[in-house]
$ cat input-v2.cif   # mmCIF, C-alpha atoms
data_model
#
loop_
_atom_site.label_atom_id
_atom_site.label_comp_id
_atom_site.auth_asym_id
_atom_site.auth_seq_id
_atom_site.Cartn_x
_atom_site.Cartn_y
_atom_site.Cartn_z
CA MET A 1059 -72.66 -2.29 34.57
CA THR A 1060 -75.42 -3.50 32.25
CA VAL A 1061 -78.19 -5.90 33.17
CA SER A 1062 -76.62 -8.59 30.99
CA GLN A 1063 -73.53 -8.71 33.20
CA LYS A 1064 -73.10 -10.76 36.34
CA LYS A 1065 -73.71 -8.68 39.44
CA THR A 1066 -70.63 -8.03 41.53
CA ASN A 1067 -69.84 -6.08 44.64
CA GLY A 1068 -67.10 -4.15 42.85
CA ASP A 1069 -63.45 -3.85 43.76
CA GLY A 1070 -61.53 -1.12 45.50
CA ALA A 1071 -62.41 2.20 47.01
CA ALA A 1072 -63.77 3.57 43.74
CA ALA A 1073 -66.67 1.08 43.76
CA LYS A 1074 -69.88 2.77 44.85
CA PRO A 1075 -71.36 1.30 48.06
CA LEU A 1076 -74.49 -0.14 46.41
CA ALA A 1077 -72.78 -1.59 43.32
CA GLY A 1078 -74.28 -5.01 42.65
CA VAL A 1079 -77.68 -4.21 44.20
CA ARG A 1080 -80.60 -4.51 41.77
CA VAL A 1081 -83.77 -2.47 42.39
CA LEU A 1082 -87.12 -2.81 40.60
CA ASP A 1083 -88.62 0.66 40.80
CA LEU A 1084 -92.40 0.85 40.39
CA THR A 1085 -92.65 4.29 41.95
CA GLN A 1086 -93.82 7.50 40.32
CA ALA A 1087 -94.32 11.18 41.17
CA TYR A 1088 -91.76 12.29 43.77
CA SER A 1089 -91.42 10.38 47.06
CA GLY A 1090 -90.60 6.95 45.61
CA PRO A 1091 -88.40 8.15 42.73
CA PHE A 1092 -86.49 10.32 45.23
CA CYS A 1093 -85.73 7.15 47.21
CA THR A 1094 -84.55 5.20 44.18
CA MET A 1095 -82.57 8.22 42.97
CA HIS A 1096 -80.49 7.98 46.16
CA LEU A 1097 -79.96 4.26 45.57
CA ALA A 1098 -79.01 4.78 41.92
CA ASP A 1099 -76.63 7.62 42.77
CA GLN A 1100 -74.76 5.26 45.08
CA GLY A 1101 -74.33 2.55 42.47
CA ALA A 1102 -77.49 0.43 42.61
CA GLU A 1103 -78.84 -0.84 39.30
CA VAL A 1104 -82.31 0.72 39.36
CA ILE A 1105 -84.79 -0.47 36.73
CA LYS A 1106 -87.60 2.08 36.51
CA ILE A 1107 -90.77 0.27 35.37
CA GLU A 1108 -93.52 2.39 33.77
CA MET A 1109 -96.85 1.77 32.06
CA PRO A 1110 -96.43 1.35 28.27
CA GLY A 1111 -97.40 4.46 26.32
CA ILE A 1112 -98.08 6.47 29.49
CA GLY A 1113 -95.12 6.49 31.86
CA ASP A 1114 -94.57 8.30 35.12
CA GLN A 1115 -96.95 11.24 35.66
CA THR A 1116 -93.97 13.54 36.18
CA ARG A 1117 -92.93 13.19 32.52
CA SER A 1118 -95.41 16.04 31.93
CA TRP A 1119 -94.58 18.14 35.00
CA GLU A 1120 -92.93 21.57 34.69
CA PRO A 1121 -90.40 22.81 33.94
CA MET A 1122 -91.02 21.53 30.41
CA GLU A 1123 -89.03 22.06 27.24
CA GLY A 1124 -90.91 20.53 24.34
CA GLN A 1125 -91.84 17.03 25.55
CA ALA A 1126 -89.02 16.87 28.13
CA SER A 1127 -89.55 17.46 31.85
CA GLY A 1128 -86.76 18.84 34.02
CA TYR A 1129 -88.61 17.48 37.06
CA PHE A 1130 -88.54 13.93 35.67
CA SER A 1131 -84.94 14.18 34.50
CA TYR A 1132 -83.73 15.40 37.89
CA ILE A 1133 -85.10 12.57 40.05
CA ASN A 1134 -84.74 9.73 37.56
CA ARG A 1135 -81.09 10.12 36.59
CA ASN A 1136 -78.85 7.05 36.76
CA LYS A 1137 -81.79 4.66 36.18
CA LEU A 1138 -82.59 2.16 33.46
CA GLY A 1139 -86.04 2.48 31.88
CA MET A 1140 -88.49 -0.32 31.14
CA THR A 1141 -92.18 -0.40 30.22
CA LEU A 1142 -94.35 -3.23 31.52
CA ASN A 1143 -98.11 -3.60 31.84
CA LEU A 1144 -98.57 -5.24 35.23
CA LYS A 1145 -102.33 -5.50 34.62
CA SER A 1146 -101.75 -8.04 31.86
CA PRO A 1147 -101.19 -11.65 32.97
CA GLU A 1148 -98.03 -11.92 30.89
CA GLY A 1149 -96.72 -8.61 32.22
CA ALA A 1150 -97.26 -9.82 35.78
CA GLU A 1151 -95.38 -13.05 35.01
CA ILE A 1152 -92.48 -11.10 33.53
CA PHE A 1153 -92.36 -8.97 36.68
CA LYS A 1154 -92.26 -12.12 38.83
CA ASP A 1155 -89.31 -13.36 36.79
CA LEU A 1156 -87.56 -10.04 37.34
CA VAL A 1157 -88.21 -10.29 41.08
CA LYS A 1158 -86.28 -13.57 41.21
CA ALA A 1159 -83.19 -11.67 40.03
CA ALA A 1160 -83.74 -8.55 42.19
CA ASP A 1161 -82.71 -7.41 45.63
CA VAL A 1162 -85.28 -4.67 46.19
CA VAL A 1163 -88.77 -3.72 44.99
CA CYS A 1164 -89.88 -0.13 45.62
CA GLU A 1165 -93.48 1.02 45.10
CA ASN A 1166 -95.69 3.92 46.16
CA PHE A 1167 -99.09 2.78 44.93
CA ARG A 1168 -102.09 3.11 47.20
CA PRO A 1169 -102.03 0.19 49.69
CA GLY A 1170 -103.73 -2.86 48.23
CA THR A 1171 -102.89 -2.10 44.60
CA MET A 1172 -100.07 -4.64 44.33
CA GLU A 1173 -102.24 -7.26 46.03
CA LYS A 1174 -104.98 -6.70 43.45
CA LEU A 1175 -102.41 -7.31 40.74
CA GLY A 1176 -101.39 -10.56 42.39
CA LEU A 1177 -97.98 -9.06 43.16
CA GLY A 1178 -98.19 -8.34 46.87
CA TYR A 1179 -95.35 -8.96 49.29
CA ASP A 1180 -96.69 -12.35 50.38
CA VAL A 1181 -96.51 -13.55 46.77
CA LEU A 1182 -93.14 -12.01 45.91
CA LYS A 1183 -91.32 -13.17 49.04
CA GLU A 1184 -92.16 -16.78 48.11
CA LEU A 1185 -90.39 -16.21 44.80
CA ASN A 1186 -87.42 -14.52 46.47
CA PRO A 1187 -87.09 -14.83 50.27
CA ARG A 1188 -84.17 -12.37 50.18
CA LEU A 1189 -86.33 -9.65 48.64
CA ILE A 1190 -86.60 -6.27 50.35
CA TYR A 1191 -90.04 -4.84 49.57
CA ALA A 1192 -90.17 -1.10 50.22
CA SER A 1193 -93.39 0.93 50.21
CA ILE A 1194 -94.29 4.61 50.61
CA SER A 1195 -97.90 5.62 51.17
CA GLY A 1196 -99.70 8.64 52.53
CA PHE A 1197 -100.99 7.14 55.75
CA GLY A 1198 -99.42 3.69 56.12
CA LEU A 1199 -100.44 0.24 54.95
CA GLU A 1200 -103.28 -0.29 57.43
CA GLY A 1201 -106.15 1.63 59.00
CA PRO A 1202 -109.14 3.56 57.65
CA GLU A 1203 -106.97 6.17 55.86
CA ALA A 1204 -104.75 3.63 54.08
CA SER A 1205 -106.65 3.68 50.78
CA LEU A 1206 -106.90 7.48 50.58
CA PRO A 1207 -104.82 9.43 48.04
CA CYS A 1208 -102.13 11.73 49.38
CA TYR A 1209 -99.80 14.40 48.06
CA ASP A 1210 -97.14 16.34 49.93
CA VAL A 1211 -99.38 19.24 50.96
CA VAL A 1212 -101.87 16.82 52.58
CA ALA A 1213 -99.09 15.20 54.61
CA GLN A 1214 -97.73 18.60 55.68
CA ALA A 1215 -101.22 19.60 56.80
CA MET A 1216 -102.14 16.43 58.67
CA GLY A 1217 -98.68 15.88 60.14
CA GLY A 1218 -98.75 19.25 61.92
CA MET A 1219 -96.09 21.09 59.91
CA MET A 1220 -98.32 23.69 58.25
CA SER A 1221 -99.79 24.76 61.59
CA MET A 1222 -96.38 26.04 62.70
CA THR A 1223 -95.13 27.47 59.39
CA GLY A 1224 -95.58 31.03 58.16
CA PRO A 1225 -95.24 34.61 59.40
CA GLU A 1226 -96.09 35.37 63.02
CA ASN A 1227 -99.80 36.24 63.31
CA GLY A 1228 -100.15 35.60 59.58
CA GLU A 1229 -101.60 32.94 57.32
CA ILE A 1230 -100.22 29.42 57.75
CA VAL A 1231 -98.33 28.08 54.73
CA LYS A 1232 -96.70 24.87 53.57
CA VAL A 1233 -92.94 24.54 53.40
CA GLY A 1234 -91.89 25.50 49.85
CA PRO A 1235 -90.31 22.26 48.56
CA ALA A 1236 -92.24 18.98 48.86
CA ILE A 1237 -90.61 18.09 52.14
CA ALA A 1238 -92.98 15.22 52.99
CA ASP A 1239 -92.09 13.57 49.69
CA ASN A 1240 -88.34 14.01 49.79
CA TYR A 1241 -87.95 13.16 53.47
CA SER A 1242 -90.14 10.05 52.99
CA GLY A 1243 -88.02 9.02 50.02
CA THR A 1244 -84.83 9.59 51.98
CA TYR A 1245 -86.15 7.63 54.97
CA LEU A 1246 -87.08 4.76 52.65
CA SER A 1247 -83.64 4.71 51.06
CA LEU A 1248 -82.14 4.56 54.55
CA GLY A 1249 -84.50 1.71 55.41
CA VAL A 1250 -83.48 -0.19 52.28
CA VAL A 1251 -79.80 0.14 53.18
CA MET A 1252 -80.54 -1.01 56.76
CA ALA A 1253 -82.45 -4.03 55.44
CA LEU A 1254 -79.64 -4.88 53.01
CA PHE A 1255 -77.17 -4.75 55.90
CA GLN A 1256 -79.34 -7.03 58.04
CA ARG A 1257 -79.84 -9.43 55.12
CA GLU A 1258 -76.10 -9.97 54.98
CA ARG A 1259 -76.36 -11.53 58.44
CA THR A 1260 -79.75 -13.27 58.27
CA GLY A 1261 -80.16 -14.07 54.57
CA LEU A 1262 -83.75 -12.87 54.75
CA GLY A 1263 -85.53 -9.92 53.21
CA ARG A 1264 -87.98 -7.59 54.89
CA ARG A 1265 -90.97 -5.36 54.21
CA LEU A 1266 -90.60 -1.60 54.76
CA ASP A 1267 -93.57 0.70 55.38
CA ILE A 1268 -93.05 4.49 55.21
CA SER A 1269 -95.97 6.88 55.70
CA MET A 1270 -95.70 10.49 54.54
CA VAL A 1271 -97.69 11.72 57.55
CA ASP A 1272 -95.40 9.75 59.88
CA THR A 1273 -92.44 11.37 58.18
CA VAL A 1274 -93.73 14.91 58.68
CA PHE A 1275 -94.64 14.23 62.31
CA SER A 1276 -91.16 12.82 62.97
CA ILE A 1277 -89.34 16.00 61.85
CA LEU A 1278 -91.30 18.64 63.78
CA GLU A 1279 -88.28 19.20 66.04
CA THR A 1280 -89.51 20.74 69.30
CA GLY A 1281 -93.11 21.10 68.18
CA VAL A 1282 -94.25 17.73 69.53
CA VAL A 1283 -92.32 17.80 72.80
CA GLN A 1284 -93.40 21.38 73.49
CA TYR A 1285 -96.92 20.03 73.54
CA THR A 1286 -96.33 16.67 75.27
CA ILE A 1287 -94.10 18.15 78.00
CA GLN A 1288 -95.38 21.71 78.43
CA GLY A 1289 -98.85 21.65 76.86
CA VAL A 1290 -97.78 24.43 74.47
CA VAL A 1291 -99.27 24.29 70.97
CA ALA A 1292 -96.69 25.59 68.46
CA LYS A 1293 -97.79 28.33 66.10
CA PRO A 1294 -96.16 30.17 63.18
CA GLU A 1295 -93.30 32.39 64.29
CA GLY A 1296 -91.80 33.46 60.99
CA ASN A 1297 -88.07 32.96 60.66
CA ARG A 1298 -87.25 33.07 64.34
CA ASP A 1299 -86.63 30.03 66.47
CA PRO A 1300 -89.14 29.66 69.30
CA VAL A 1301 -86.56 28.50 71.87
CA ILE A 1302 -83.31 30.26 70.85
CA ALA A 1303 -82.55 33.98 70.52
CA PRO A 1304 -81.27 35.71 68.52
CA PHE A 1305 -81.93 33.14 65.78
CA ASP A 1306 -83.77 34.84 62.94
CA ALA A 1307 -83.69 36.71 59.64
CA PHE A 1308 -82.59 40.34 59.81
CA ARG A 1309 -82.51 43.36 57.52
CA ALA A 1310 -79.28 44.86 56.25
CA LYS A 1311 -78.88 48.15 54.41
CA ASP A 1312 -79.03 46.33 51.07
CA GLY A 1313 -80.67 42.95 51.66
CA MET A 1314 -81.51 40.22 54.15
CA PHE A 1315 -79.45 37.73 56.12
CA VAL A 1316 -79.87 35.12 58.82
CA MET A 1317 -77.88 34.79 62.00
CA ALA A 1318 -78.00 32.23 64.80
CA CYS A 1319 -76.69 32.56 68.34
CA GLY A 1320 -77.28 29.10 69.76
CA THR A 1321 -74.96 29.61 72.75
CA ASN A 1322 -74.05 32.37 75.18
CA LYS A 1323 -70.58 32.40 73.62
CA PHE A 1324 -72.07 33.27 70.21
CA TRP A 1325 -74.25 35.95 71.80
CA GLN A 1326 -71.29 37.54 73.56
CA ALA A 1327 -69.28 37.50 70.32
CA LEU A 1328 -72.16 39.21 68.48
CA CYS A 1329 -72.34 41.92 71.11
CA GLU A 1330 -68.63 42.58 70.59
CA ALA A 1331 -69.13 42.70 66.81
CA MET A 1332 -71.96 45.19 67.26
CA GLY A 1333 -69.76 47.39 69.44
CA GLU A 1334 -72.13 46.80 72.37
CA PRO A 1335 -70.32 44.40 74.73
CA GLY A 1336 -72.45 45.57 77.65
CA LEU A 1337 -75.56 44.01 76.09
CA ALA A 1338 -74.22 40.56 76.97
CA GLU A 1339 -74.55 41.41 80.67
CA ASP A 1340 -77.93 43.14 80.41
CA PRO A 1341 -80.34 41.21 82.68
CA ARG A 1342 -82.86 41.07 79.81
CA PHE A 1343 -80.37 39.24 77.61
CA ILE A 1344 -77.90 37.50 79.91
CA THR A 1345 -79.36 34.01 79.39
CA ASN A 1346 -80.98 32.38 76.39
CA SER A 1347 -84.32 32.15 78.21
CA ALA A 1348 -84.17 35.85 78.98
CA ARG A 1349 -83.33 36.66 75.37
CA VAL A 1350 -86.27 34.59 74.14
CA GLU A 1351 -88.58 36.40 76.56
CA HIS A 1352 -87.42 39.85 75.48
CA TYR A 1353 -86.72 39.12 71.83
CA ILE A 1354 -89.86 40.66 70.31
CA PRO A 1355 -89.74 43.55 69.93
CA THR A 1356 -86.85 44.66 72.17
CA LEU A 1357 -83.84 42.58 71.18
CA LYS A 1358 -84.71 42.33 67.51
CA ASN A 1359 -85.12 46.10 67.28
CA ILE A 1360 -81.72 46.62 68.91
CA ILE A 1361 -80.03 44.28 66.44
CA GLU A 1362 -81.73 45.78 63.38
CA SER A 1363 -81.00 49.33 64.49
CA TRP A 1364 -77.37 48.26 63.98
CA SER A 1365 -77.68 45.92 60.97
CA THR A 1366 -79.80 48.22 58.79
CA LYS A 1367 -77.03 50.81 58.79
CA LEU A 1368 -74.52 48.42 57.20
CA PRO A 1369 -74.32 46.66 53.79
CA LEU A 1370 -74.30 42.87 53.61
CA ASP A 1371 -70.62 42.67 52.69
CA GLN A 1372 -69.64 44.52 55.83
CA LEU A 1373 -72.05 42.60 58.04
CA GLU A 1374 -70.78 39.30 56.69
CA GLU A 1375 -67.19 40.24 57.48
CA LYS A 1376 -68.01 41.47 60.99
CA ILE A 1377 -70.31 38.64 62.03
CA ARG A 1378 -68.29 35.81 60.52
CA SER A 1379 -65.07 37.24 61.94
CA ALA A 1380 -66.74 37.03 65.34
CA GLY A 1381 -67.40 33.34 64.71
CA VAL A 1382 -71.18 33.71 64.70
CA PRO A 1383 -73.17 31.59 62.18
CA PHE A 1384 -74.26 33.87 59.32
CA GLY A 1385 -75.80 33.42 55.88
CA ARG A 1386 -77.13 35.64 53.14
CA ILE A 1387 -80.67 34.89 51.96
CA GLN A 1388 -80.08 33.85 48.35
CA ASN A 1389 -82.53 33.31 45.51
CA MET A 1390 -82.23 30.35 43.11
CA GLN A 1391 -79.90 32.16 40.73
CA GLN A 1392 -77.61 33.26 43.54
CA ALA A 1393 -77.58 29.78 45.11
CA CYS A 1394 -76.89 28.03 41.78
CA ASP A 1395 -74.11 30.48 40.93
CA SER A 1396 -72.56 30.50 44.39
CA GLU A 1397 -68.96 29.46 44.82
CA LEU A 1398 -69.93 27.09 47.65
CA ILE A 1399 -72.47 25.12 45.57
CA ARG A 1400 -70.02 24.91 42.67
CA ARG A 1401 -67.09 23.93 44.87
CA ARG A 1402 -69.16 21.20 46.56
CA ASN A 1403 -70.17 19.87 43.13
CA MET A 1404 -73.83 20.21 44.03
CA LEU A 1405 -74.90 21.16 40.51
CA TRP A 1406 -74.49 18.16 38.23
CA GLN A 1407 -74.47 18.40 34.41
CA ILE A 1408 -75.23 15.70 31.86
CA TYR A 1409 -76.31 15.44 28.23
CA ASP A 1410 -79.99 14.44 28.22
CA PRO A 1411 -81.38 13.14 24.90
CA ALA A 1412 -84.92 14.14 25.90
CA PHE A 1413 -83.73 17.76 25.86
CA GLY A 1414 -81.17 17.31 23.12
CA ARG A 1415 -78.63 19.23 25.17
CA GLU A 1416 -76.77 19.32 28.46
CA ILE A 1417 -78.91 20.07 31.52
CA SER A 1418 -78.10 20.74 35.18
CA PHE A 1419 -79.81 19.57 38.36
CA PRO A 1420 -78.93 19.12 42.06
CA GLY A 1421 -76.24 16.55 42.77
CA THR A 1422 -76.07 14.25 45.77
CA PRO A 1423 -75.05 15.60 49.19
CA LEU A 1424 -73.70 12.11 50.00
CA LYS A 1425 -70.05 12.62 49.17
CA MET A 1426 -68.39 9.19 49.16
CA HIS A 1427 -64.71 10.02 48.99
CA GLY A 1428 -63.02 8.07 46.22
CA CYS A 1429 -66.25 7.49 44.29
CA GLN A 1430 -67.32 9.34 41.16
CA ASP A 1431 -69.42 12.37 42.11
CA ALA A 1432 -71.29 12.86 38.84
CA PRO A 1433 -74.29 11.36 37.06
CA GLU A 1434 -73.49 8.25 35.04
CA ARG A 1435 -76.59 8.25 32.84
CA PRO A 1436 -79.48 10.63 32.14
CA ALA A 1437 -83.07 9.76 33.02
CA PRO A 1438 -84.35 7.08 30.64
CA LEU A 1439 -86.64 7.66 27.72
CA LEU A 1440 -89.90 5.71 28.06
CA GLY A 1441 -89.02 2.03 27.63
CA GLN A 1442 -85.49 2.88 26.53
CA HIS A 1443 -83.88 -0.26 27.98
CA ASN A 1444 -86.62 -2.84 27.29
CA GLU A 1445 -84.50 -4.95 24.99
CA GLU A 1446 -81.41 -4.75 27.18
CA ILE A 1447 -83.34 -5.87 30.28
CA LEU A 1448 -85.48 -8.57 28.65
CA SER A 1449 -82.60 -10.12 26.72
CA GLY A 1450 -79.96 -9.67 29.40
CA LEU A 1451 -81.92 -10.70 32.50
CA LEU A 1452 -84.67 -12.93 31.13
CA HIS A 1453 -82.89 -14.23 27.99
CA LYS A 1454 -85.74 -13.38 25.62
CA ASP A 1455 -84.94 -13.26 21.93
CA GLN A 1456 -85.76 -10.42 19.56
CA ALA A 1457 -88.85 -12.10 18.12
CA GLU A 1458 -90.31 -12.53 21.60
CA ILE A 1459 -89.53 -8.92 22.52
CA ASP A 1460 -91.16 -7.70 19.32
CA ARG A 1461 -94.29 -9.74 20.11
CA LEU A 1462 -94.50 -8.34 23.65
CA LYS A 1463 -94.26 -4.83 22.24
CA ALA A 1464 -96.92 -5.46 19.58
CA GLU A 1465 -99.28 -6.86 22.21
CA LYS A 1466 -98.61 -3.84 24.48
CA VAL A 1467 -97.23 -5.98 27.29
CA ILE A 1468 -94.14 -3.74 27.21
#
$ encode --input "input-v2.cif" --output "structure tokens"
Amino acid sequence: MTVSQKKTNGDGAAAKPLAGVRVLDLTQAYSGPFCTMHLADQGAEVIKIEMPGIGDQTRSWEPMEGQASGYFSYINRNKLGMTLNLKSPEGAEIFKDLVKAADVVCENFRPGTMEKLGLGYDVLKELNPRLIYASISGFGLEGPEASLPCYDVVAQAMGGMMSMTGPENGEIVKVGPAIADNYSGTYLSLGVVMALFQRERTGLGRRLDISMVDTVFSILETGVVQYTIQGVVAKPEGNRDPVIAPFDAFRAKDGMFVMACGTNKFWQALCEAMGEPGLAEDPRFITNSARVEHYIPTLKNIIESWSTKLPLDQLEEKIRSAGVPFGRIQNMQQACDSELIRRRNMLWQIYDPAFGREISFPGTPLKMHGCQDAPERPAPLLGQHNEEILSGLLHKDQAEIDRLKAEKVI
């Protein structure tokens, strides 16, 4: 669907669930574009709006090949690209006209920025009462921290995640990927879909407010309730689970693997696989609580005295045959080349003109049966669809578009 066509909800099972939804995407960096990536992957028409001549900061983020960024291409696939200077009065008016034809606005500026531009929610909802206005910020829209800058590592630190991540008795570390960003983006995409669903019944839009620190705090699993219920402050424990045993990474003769016995049934099956059925009835290991108490160093040493004598292939066969959850620890090459990732179509390919060749990046884990599971368009070049959007949505002629470009409005 192009912007010049009438929006429809699509027909039949092959129509993606968000077909007909139009999103104005003012976000940059990672959290916001990750949200709009989800929406675009599921059929929404996402118009990515960037500053003329500058663009999203991630256009220069590694991995780079010439002037092309793999980072940018990954999280901005399936989007249309437009440049618009919102600081210019005419640019702001053009944006307002776009809002009248939109369903969703997404932004991750510091709180107050859109208000300074005269484009805050209170202004935009008067133009379009059905508008869903979705924001991501570091610390929320209100309070003394609202205006402070934030990146993923700050949210991981302040949300409590770093304090419980890392090797036992070692230095605390952040989680490798930018988990505050991608979880915040995913939460926001979920919020947008919820608001769209509610709008079908009420006819009214809504404002959404996602904080990166809130996001991190919300996914600490047992960390928060360990403190609020027991007064226990979680600390780094490496790869092991603090409340389940055995649930950890282990050494094999030729590599590393993880294994998780979340129930007594799994534990008993592991004992059989190890050729030590009596361990299941040992008072030190007969219950999960007992196994947690005696895990370090006793139980882990017992398991590794067995596992380090066997190669991974043999361990995988034994442990999986017993029905116990098992996984090899794979590097990026091994994960990308794995049969599972390929079979699940989790590595998408598309020709990207910025690279001048086909590139690959992670696909969507949202498998909508009957819908195309592949990228429909590469990430846009800066301002690539200006003419298509301005002529198709706002009915501007070529002379007007040329003037806007010459005056650096677009």
$ atom_distance --input "input-v2.cif" --atom1 "CA of Asn1227 in chain A" --atom2 "CA of Ile1387 in chain A"
22.3 Å
$ residues_around --input "input-v2.cif" --residues "range 1363-1370 of chain A" --least-positions-apart "3" --cutoff "12 Å" --atoms "only C-alpha atoms" --output "PyMOL selection string"
chain A and resi 1307-1317+1328-1329+1331-1334+1355-1360+1373-1378+1384-1388
$ resolve_selection --input "input-v2.cif" --expression "the PyMOL selection byres ((chain A and resi 1446-1452) around 9)" --output "short mmCIF file (atom, residue, chain, number, x, y, z; two decimals) with C-alpha atoms, in the frame of the given file"
data_model
loop_
_atom_site.label_atom_id
_atom_site.label_comp_id
_atom_site.auth_asym_id
_atom_site.auth_seq_id
_atom_site.Cartn_x
_atom_site.Cartn_y
_atom_site.Cartn_z
CA THR A 1060 -75.42 -3.50 32.25
CA VAL A 1061 -78.19 -5.90 33.17
CA SER A 1062 -76.62 -8.59 30.99
CA GLN A 1063 -73.53 -8.71 33.20
CA ILE A 1105 -84.79 -0.47 36.73
CA LEU A 1138 -82.59 2.16 33.46
CA GLY A 1139 -86.04 2.48 31.88
CA MET A 1140 -88.49 -0.32 31.14
CA ILE A 1152 -92.48 -11.10 33.53
CA ASP A 1155 -89.31 -13.36 36.79
CA LEU A 1156 -87.56 -10.04 37.34
CA ALA A 1159 -83.19 -11.67 40.03
CA GLN A 1442 -85.49 2.88 26.53
CA HIS A 1443 -83.88 -0.26 27.98
CA ASN A 1444 -86.62 -2.84 27.29
CA GLU A 1445 -84.50 -4.95 24.99
CA HIS A 1453 -82.89 -14.23 27.99
CA LYS A 1454 -85.74 -13.38 25.62
CA ASP A 1455 -84.94 -13.26 21.93
CA GLN A 1456 -85.76 -10.42 19.56
CA ILE A 1459 -89.53 -8.92 22.52
#
$ closest_residue --input "input-v2.cif" --among "A:Gly1243, A:Gly1249, A:Gly1261, A:Gly1441" --to "Gly1111 in chain A" --atoms "only C-alpha atoms"
A:Gly1441
$ resolve_selection --input "input-v2.cif" --expression "the PyMOL selection byres ((chain A and resi 1270) around 6)" --output "list in words"
Gly1196, Ala1213, Ala1238, Ser1242, Ser1269, Val1271, Asp1272 and Thr1273 of chain A
$ closest_residue --input "input-v2.cif" --among "A:Ser1379, A:Asp1340, A:Asp1431, A:Val1233" --to "Ala1327 in chain A" --atoms "all atoms listed in the file"
A:Ser1379
$ residues_around --input "input-v2.cif" --residues "Ile1468 in chain A" --least-positions-apart "5" --cutoff "7 Å" --atoms "all atoms listed in the file" --output "PyMOL selection string"
chain A and resi 1110+1141-1143+1462-1463
$ write_last_selection --input "input-v2.cif" --atoms "C-alpha atoms" --output "PDB file, keeping the file's coordinate frame"
ATOM      1  CA  PRO A1110     -96.430   1.350  28.270  1.00  0.00           C
ATOM      2  CA  THR A1141     -92.180  -0.400  30.220  1.00  0.00           C
ATOM      3  CA  LEU A1142     -94.350  -3.230  31.520  1.00  0.00           C
ATOM      4  CA  ASN A1143     -98.110  -3.600  31.840  1.00  0.00           C
ATOM      5  CA  LEU A1462     -94.500  -8.340  23.650  1.00  0.00           C
ATOM      6  CA  LYS A1463     -94.260  -4.830  22.240  1.00  0.00           C
TER       7      LYS A1463
END
$ resolve_selection --input "input-v2.cif" --expression "the PyMOL selection byres ((chain A and resi 1320) around 12)" --output "NGL selection string"
:A and (1299-1306 or 1317-1319 or 1321-1328 or 1345-1347 or 1349-1350 or 1381-1384)
$ write_last_selection --input "input-v2.cif" --atoms "C-alpha atoms" --output "PDB file, in the frame of the given file"
ATOM      1  CA  ASP A1299     -86.630  30.030  66.470  1.00  0.00           C
ATOM      2  CA  PRO A1300     -89.140  29.660  69.300  1.00  0.00           C
ATOM      3  CA  VAL A1301     -86.560  28.500  71.870  1.00  0.00           C
ATOM      4  CA  ILE A1302     -83.310  30.260  70.850  1.00  0.00           C
ATOM      5  CA  ALA A1303     -82.550  33.980  70.520  1.00  0.00           C
ATOM      6  CA  PRO A1304     -81.270  35.710  68.520  1.00  0.00           C
ATOM      7  CA  PHE A1305     -81.930  33.140  65.780  1.00  0.00           C
ATOM      8  CA  ASP A1306     -83.770  34.840  62.940  1.00  0.00           C
ATOM      9  CA  MET A1317     -77.880  34.790  62.000  1.00  0.00           C
ATOM     10  CA  ALA A1318     -78.000  32.230  64.800  1.00  0.00           C
ATOM     11  CA  CYS A1319     -76.690  32.560  68.340  1.00  0.00           C
ATOM     12  CA  THR A1321     -74.960  29.610  72.750  1.00  0.00           C
ATOM     13  CA  ASN A1322     -74.050  32.370  75.180  1.00  0.00           C
ATOM     14  CA  LYS A1323     -70.580  32.400  73.620  1.00  0.00           C
ATOM     15  CA  PHE A1324     -72.070  33.270  70.210  1.00  0.00           C
ATOM     16  CA  TRP A1325     -74.250  35.950  71.800  1.00  0.00           C
ATOM     17  CA  GLN A1326     -71.290  37.540  73.560  1.00  0.00           C
ATOM     18  CA  ALA A1327     -69.280  37.500  70.320  1.00  0.00           C
ATOM     19  CA  LEU A1328     -72.160  39.210  68.480  1.00  0.00           C
ATOM     20  CA  THR A1345     -79.360  34.010  79.390  1.00  0.00           C
ATOM     21  CA  ASN A1346     -80.980  32.380  76.390  1.00  0.00           C
ATOM     22  CA  SER A1347     -84.320  32.150  78.210  1.00  0.00           C
ATOM     23  CA  ARG A1349     -83.330  36.660  75.370  1.00  0.00           C
ATOM     24  CA  VAL A1350     -86.270  34.590  74.140  1.00  0.00           C
ATOM     25  CA  GLY A1381     -67.400  33.340  64.710  1.00  0.00           C
ATOM     26  CA  VAL A1382     -71.180  33.710  64.700  1.00  0.00           C
ATOM     27  CA  PRO A1383     -73.170  31.590  62.180  1.00  0.00           C
ATOM     28  CA  PHE A1384     -74.260  33.870  59.320  1.00  0.00           C
TER      29      PHE A1384
END
$ closest_residue --input "input-v2.cif" --among "A:Leu1097, A:Val1282, A:Ala1126, A:Leu1084" --to "Leu1144 in chain A" --atoms "all atoms listed in the file"
A:Leu1084
$ atom_distance --input "input-v2.cif" --atom1 "CA of Asp1239 in chain A" --atom2 "CA of Ala1087 in chain A"
9.1 Å
$ atom_distance --input "input-v2.cif" --atom1 "CA of Pro1147 in chain A" --atom2 "CA of Ala1102 in chain A"
28.3 Å
$ closest_residue --input "input-v2.cif" --among "A:Lys1425, A:Arg1168, A:Arg1342, A:His1096" --to "Ser1247 in chain A" --atoms "all atoms listed in the file"
A:His1096
$ closest_residue --input "input-v2.cif" --among "A:Gly1414, A:Pro1294, A:Pro1187, A:Pro1438" --to "Thr1260 in chain A" --atoms "all atoms listed in the file"
A:Pro1187
$ closest_residue --input "input-v2.cif" --among "A:Ile1112, A:Leu1254, A:Val1211, A:Asp1180" --to "Val1079 in chain A" --atoms "all atoms listed in the file"
A:Leu1254
$ decode --input "input-v2.cif" --residues "range 1345-1349 of chain A" --atoms "C-alpha atoms" --output "short mmCIF file (atom, residue, chain, number, x, y, z; two decimals), in the first residue's frame"
data_model
loop_
_atom_site.label_atom_id
_atom_site.label_comp_id
_atom_site.auth_asym_id
_atom_site.auth_seq_id
_atom_site.Cartn_x
_atom_site.Cartn_y
_atom_site.Cartn_z
CA THR A 1345 13.55 -30.89 47.27
CA ASN A 1346 14.24 -27.78 45.23
CA SER A 1347 14.88 -25.76 48.39
CA ALA A 1348 17.42 -28.33 49.54
CA ARG A 1349 19.12 -28.30 46.15
#
